[in-house]
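One structure is given below, encoded as structure tokens.
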Amino acid sequence: MIEGPPRDLSQLVMCTNARGTAVFVGNDTKVVWLVRTTPEVLADRHGGVPTDVQLFRMWRAKKPLYGTPLEPGTALTVPLPPAQVTLQIDVVLQHQWATFDMLGKTFSAAGENLPELVKNDKYKNAVESCLEASTRIVDYAAAARYDTEKWIDSLGLLTGGATCASDLKLAEDERQLKAWREGRRSLPALKPSTFAQNARSISSEFDDVLKAVGQILAK
């Protein structure tokens, strides 16, 4: 359909059974897809759910979704023929996933494990407030193009003027205090600019996927 393999979508697998009465979808891409059906039916999820996806489902800011989210590393089967199953990207849902992914990667690079960190209320509050902040997109038209700076502004990572940024500061203070109490050496500081830098990197990855989707849909 396009020149060369669509590498950004090569890890998105869809297939149907011999009778064409059901569709399996497996997502090993870096983004969240929304599986929509006509008529609406319950999808059957498969396999173990990664820990980060379990946490994301627990804390993502709830908004109406007209379909079933398919996060990275998950799979499902829909009991309908292929013509009645479509895949879409929900911009707000993807902003939430990208925010969650950015937080996890930033903490991981600092030698921290997000599932362990969030046992502390300050970290948990920071994750929840950042996911909520990622849904408040000032300019939805810009968000549809996945405007990185709009996303970073919504989190307040450069200005510190949002609950997400202030909660991350409180969590970082707690992290350093805990290390001091335990007699450990000072930890590398997790500055807002570090989160913003990782946000730009993750946003760039998502832009690549959008370009691949656009090339295919254009055909």
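Ligands are numbered from 1 in the order shown, residues from 1 within each chain, and chains are lettered A, B, ... in the order they appear in the structure tokens.
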
Exercise. Residues at most 10 Å from region 169-171 of chain A, counting only C-alpha atoms, excluding those fewer than 4 positions away in the same chain, as number ranges by chain?
Worked result: A: 117-118, 120-127, 160, 163-165, 175-177, 190-192

Filtering to C-alpha atoms, could you give me those residues as a compact mmCIF listing (two decimals), in the first residue's frame?
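Result saved to out.txt:
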# COMPACT_ATOMS: atom_id res chain seq x y z
CA LEU A 117 7.38 4.17 43.73
CA VAL A 118 3.62 4.53 43.62
CA ASN A 120 4.17 6.11 48.27
CA ASP A 121 1.18 8.46 48.22
CA LYS A 122 3.19 11.38 46.84
CA TYR A 123 4.24 9.42 43.79
CA LYS A 124 0.73 8.08 43.34
CA ASN A 125 -0.69 11.62 43.50
CA ALA A 126 1.85 12.80 40.93
CA VAL A 127 0.96 10.04 38.47
CA GLY A 160 5.81 24.54 37.02
CA THR A 163 -0.67 20.40 39.56
CA CYS A 164 1.25 17.71 37.69
CA ALA A 165 4.53 19.62 37.91
CA ARG A 175 12.49 10.55 47.00
CA GLN A 176 15.58 12.49 48.06
CA LEU A 177 14.49 12.60 51.71
CA LEU A 190 14.69 14.39 38.47
CA LYS A 191 14.13 17.90 37.21
CA PRO A 192 11.03 19.04 35.28

For this session: Determine, counting only C-alpha atoms, which protein, DNA and RNA residues have an atom within 7 Å of an atom of Thr21 (chain A); residues of the same chain fewer than 4 positions away are not included. Present the result as a list in words.
Result: Asn17, Pro79, Leu80 and Pro81 of chain A

Selected residues, N, CA, C and O atoms, written as a compact mmCIF listing (two decimals), in the first residue's frame, please.
# COMPACT_ATOMS: atom_id res chain seq x y z
N ASN A 17 -10.42 -15.70 11.70
CA ASN A 17 -10.48 -17.16 11.62
C ASN A 17 -10.91 -17.59 10.22
O ASN A 17 -11.25 -16.78 9.36
N PRO A 79 -15.77 -10.96 18.45
CA PRO A 79 -16.59 -11.94 17.75
C PRO A 79 -17.43 -11.34 16.62
O PRO A 79 -18.65 -11.47 16.60
N LEU A 80 -16.74 -10.70 15.67
CA LEU A 80 -17.41 -10.08 14.53
C LEU A 80 -16.53 -10.25 13.29
O LEU A 80 -15.32 -10.41 13.41
N PRO A 81 -17.11 -10.20 12.10
CA PRO A 81 -16.31 -10.26 10.88
C PRO A 81 -15.45 -9.00 10.73
O PRO A 81 -15.78 -7.94 11.29

Problem set entry | Surrounding residues of Arg60 (chain A) excluding itself and chain neighbours under 5 positions, 10 Å, only C-alpha atoms, as a PyMOL selection string | chain A and resi 55+93+96-97+99-100+127-132+134-135

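Within region 71-162 of chain A, residues classed as strand (DSSP E) by DSSP on backbone coordinates are A:Thr74, A:Ala75, A:Leu76, A:Thr77, A:Val78, A:Val85, A:Thr86, A:Leu87, A:Gln88.
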
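Across the structure, CA of Gly104 (chain A) and CA of Phe195 (chain A) are spaced 10.1 Å apart.
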